[in-house]
Amino acid sequence: MARDAALPLVCLPCAGASATMYLRWRRGLPAGVEVAPAELPGRGARMGEPFAKSYGDLVEQLAEPCLRAADGRPFVLFGHSMGALLAYGVARHLQTYSEVEPAALIVSACAAPLARSAERYAEPLDDGRLLTDLRDQGGTPDAVFAEPELLRITLDVLRADYRVCYSFERDQEVRPLSCPIHVFAGRNDRIHHSELLAWAHETRGPATTDWFDGGHFYLRDREPAFLSTLEQRLRPLRVAWNPPSVVSAA
């Protein structure tokens, strides 16, 4: 399929992670979806760059690259955990400064802005506390805990990301988005169901919620079911962007 006929799915990573968490989706989603992971400063291909100092700073850094990934096409923003909060911020930033909105915002394992509490991201963010969070949430490979240098990098990235999450403040004056918001969540995540359902307040469009067995990293534990549902949510957008040709009978 030609690149200009594919629907860009711009993916923002969770706290402590890099863009590589989404690379395997390129094999699991159909060719009509172009998985475009966005890298954050201080990790992966941007390892040499300083961490963002605040949520607003990071959102501003991400907005233009997300537009470039779309390359003039309708696009979808996806984020898991902190990535969902960043995807929301990018959608708001584009709405305000570029008069552009994604075709849909898909948020995973993240409390809605009106329902979230920043207290779990407050200082002190010592290594012991961060290690406990990594182990409690799951999703971190055992190899990370076994390799001191890799663990050091992971903890430093996670600490910087927690500070970004703590600095988030919802603008009470901002108007709701008009695009659909699709919420994905694990049934056993510690995020309360009401905090997830509150995403519906952030859009004038439709809002849906899909539940999966598992905790905070259900999307890894239940990857086939998750990717199947994700593709179902993307399919109407793909068809709207690239409708099938109509061939007239002779």
# chains A, B, ... in the order shown; residues from 1 in each chain; ligands from 1

call {"tool": "select_by_dssp", "arguments": {"residues": "region 63-209 of chain A", "states": "helix (DSSP H, G or I)", "output": "PyMOL selection string"}}
result
chain A and resi 63-70+82-97+119-121+127-137+142-146+148-166+193-202

call {"tool": "residues_around", "arguments": {"residues": "region 111-120 of chain A", "least_positions_apart": "6", "cutoff": "12 Å", "atoms": "only C-alpha atoms", "output": "short mmCIF file (atom, residue, chain, number, x, y, z; two decimals) with C-alpha atoms, in the first residue's frame"}}
result
data_model
loop_
_atom_site.label_atom_id
_atom_site.label_comp_id
_atom_site.auth_asym_id
_atom_site.auth_seq_id
_atom_site.Cartn_x
_atom_site.Cartn_y
_atom_site.Cartn_z
CA HIS A 80 -0.13 4.68 26.97
CA SER A 81 -0.08 5.96 30.58
CA MET A 82 2.06 9.15 30.56
CA GLY A 83 1.95 8.90 26.76
CA ALA A 84 -1.83 9.32 26.90
CA LEU A 85 -1.44 12.54 28.87
CA LEU A 86 1.11 13.75 26.31
CA ALA A 87 -1.13 12.79 23.38
CA TYR A 88 -3.94 14.78 24.99
CA GLY A 89 -1.60 17.76 25.38
CA ARG A 129 10.34 4.38 45.35
CA LEU A 130 10.83 4.24 41.59
CA ASP A 133 6.66 1.40 41.02
CA ARG A 159 12.31 10.20 37.44
CA TYR A 162 7.39 11.66 36.80
CA ARG A 163 8.40 15.30 37.13
CA VAL A 164 6.76 16.01 33.78
CA CYS A 165 3.56 14.28 34.96
CA TYR A 166 3.60 16.23 38.22
CA SER A 167 3.82 19.55 36.35
CA PHE A 168 0.65 18.88 34.32
CA GLU A 169 -2.17 21.35 34.87
CA ARG A 170 -5.42 21.25 32.96
CA ASP A 171 -6.48 24.56 31.41
CA GLN A 172 -10.01 25.10 32.70
CA PRO A 176 -13.42 20.27 24.38
CA ILE A 181 -11.72 9.68 22.21
CA HIS A 182 -11.23 5.93 22.59
CA VAL A 183 -10.15 4.70 26.02
CA PHE A 184 -8.37 1.37 26.51
CA ALA A 185 -7.79 -0.06 29.97
CA ASP A 189 -5.23 -1.60 36.81
CA ARG A 190 -5.15 0.52 39.95
CA ILE A 191 -6.71 3.42 38.03
CA HIS A 192 -10.36 3.60 39.09
CA HIS A 193 -12.96 2.98 36.41
CA SER A 194 -14.58 6.39 37.00
CA GLU A 195 -11.22 8.09 36.34
CA LEU A 196 -11.07 6.42 32.94
CA LEU A 197 -14.69 7.07 31.99
CA ALA A 198 -14.15 10.79 32.71
CA TRP A 199 -12.29 11.09 29.39
CA ALA A 200 -15.74 11.55 27.83
CA HIS A 201 -15.73 15.12 29.24
CA GLU A 202 -12.78 16.05 27.02
CA THR A 203 -14.63 15.79 23.69
CA HIS A 216 -1.40 -1.49 33.78
#

call {"tool": "residues_around", "arguments": {"residues": "Ala225 (chain A)", "least_positions_apart": "5", "cutoff": "9 Å", "atoms": "only C-alpha atoms", "output": "ChimeraX atom specification"}}
result
/A:212,219,230

call {"tool": "write_last_selection", "arguments": {"atoms": "N, CA, C and O atoms", "output": "short mmCIF file (atom, residue, chain, number, x, y, z; two decimals), in the first residue's frame"}}
result
data_model
loop_
_atom_site.label_atom_id
_atom_site.label_comp_id
_atom_site.auth_asym_id
_atom_site.auth_seq_id
_atom_site.Cartn_x
_atom_site.Cartn_y
_atom_site.Cartn_z
N PHE A 212 -9.80 -4.81 29.02
CA PHE A 212 -9.04 -6.02 28.76
C PHE A 212 -8.64 -6.66 30.09
O PHE A 212 -8.45 -5.96 31.09
N LEU A 219 -1.77 -4.24 27.58
CA LEU A 219 -1.55 -4.21 26.12
C LEU A 219 -0.38 -5.10 25.71
O LEU A 219 -0.29 -5.49 24.53
N LEU A 230 -7.79 -2.42 18.65
CA LEU A 230 -7.25 -1.17 18.13
C LEU A 230 -7.54 -1.05 16.64
O LEU A 230 -7.97 0.01 16.16
#

call {"tool": "residues_around", "arguments": {"residues": "region 37-51 of chain A", "least_positions_apart": "2", "cutoff": "7 Å", "atoms": "only C-alpha atoms", "output": "list in words"}}
result
Val10, Cys11, Leu12, Ser18, Ala19, Tyr22, Val35, Lys53 and Ala160 of chain A

call {"tool": "atom_distance", "arguments": {"atom1": "CA of Pro8 (chain A)", "atom2": "CA of Ala36 (chain A)"}}
result
6.5 Å

call {"tool": "closest_residue", "arguments": {"among": "A:Gly139, A:Pro224, A:Pro236, A:Gly214", "to": "Trp25 (chain A)", "atoms": "only C-alpha atoms"}}
result
A:Pro224

call {"tool": "residues_around", "arguments": {"residues": "Pro141 (chain A)", "least_positions_apart": "5", "cutoff": "12 Å", "atoms": "only C-alpha atoms", "output": "list in words"}}
result
Ala17, Met21, Leu134, Arg135, Ala146, Glu147, Leu150, Leu151, Thr154, Phe217 and Arg220 of chain A

call {"tool": "closest_residue", "arguments": {"among": "A:Gly205, A:Val33, A:Tyr218, A:Thr132", "to": "Leu234 (chain A)", "atoms": "only C-alpha atoms"}}
result
A:Val33

call {"tool": "select_by_dssp", "arguments": {"residues": "region 65-193 of chain A", "states": "strand (DSSP E)", "output": "list in words"}}
result
Val76, Leu77, Phe78, Gly79, His80, Ala104, Leu105, Ile106, Val107, Ser108, Ile181, His182, Val183, Phe184, Ala185 and Gly186 of chain A

call {"tool": "atom_distance", "arguments": {"atom1": "CA of Pro65 (chain A)", "atom2": "CA of Thr209 (chain A)"}}
result
27.9 Å

call {"tool": "residues_around", "arguments": {"residues": "Asp71 (chain A)", "least_positions_apart": "2", "cutoff": "12 Å", "atoms": "only C-alpha atoms", "output": "count of residues only"}}
result
19

call {"tool": "closest_residue", "arguments": {"among": "A:Val144, A:Ala63, A:Leu29, A:Ala109", "to": "Ala91 (chain A)", "atoms": "only C-alpha atoms"}}
result
A:Ala63

call {"tool": "atom_distance", "arguments": {"atom1": "CA of Ser178 (chain A)", "atom2": "CA of Phe78 (chain A)"}}
result
16.1 Å
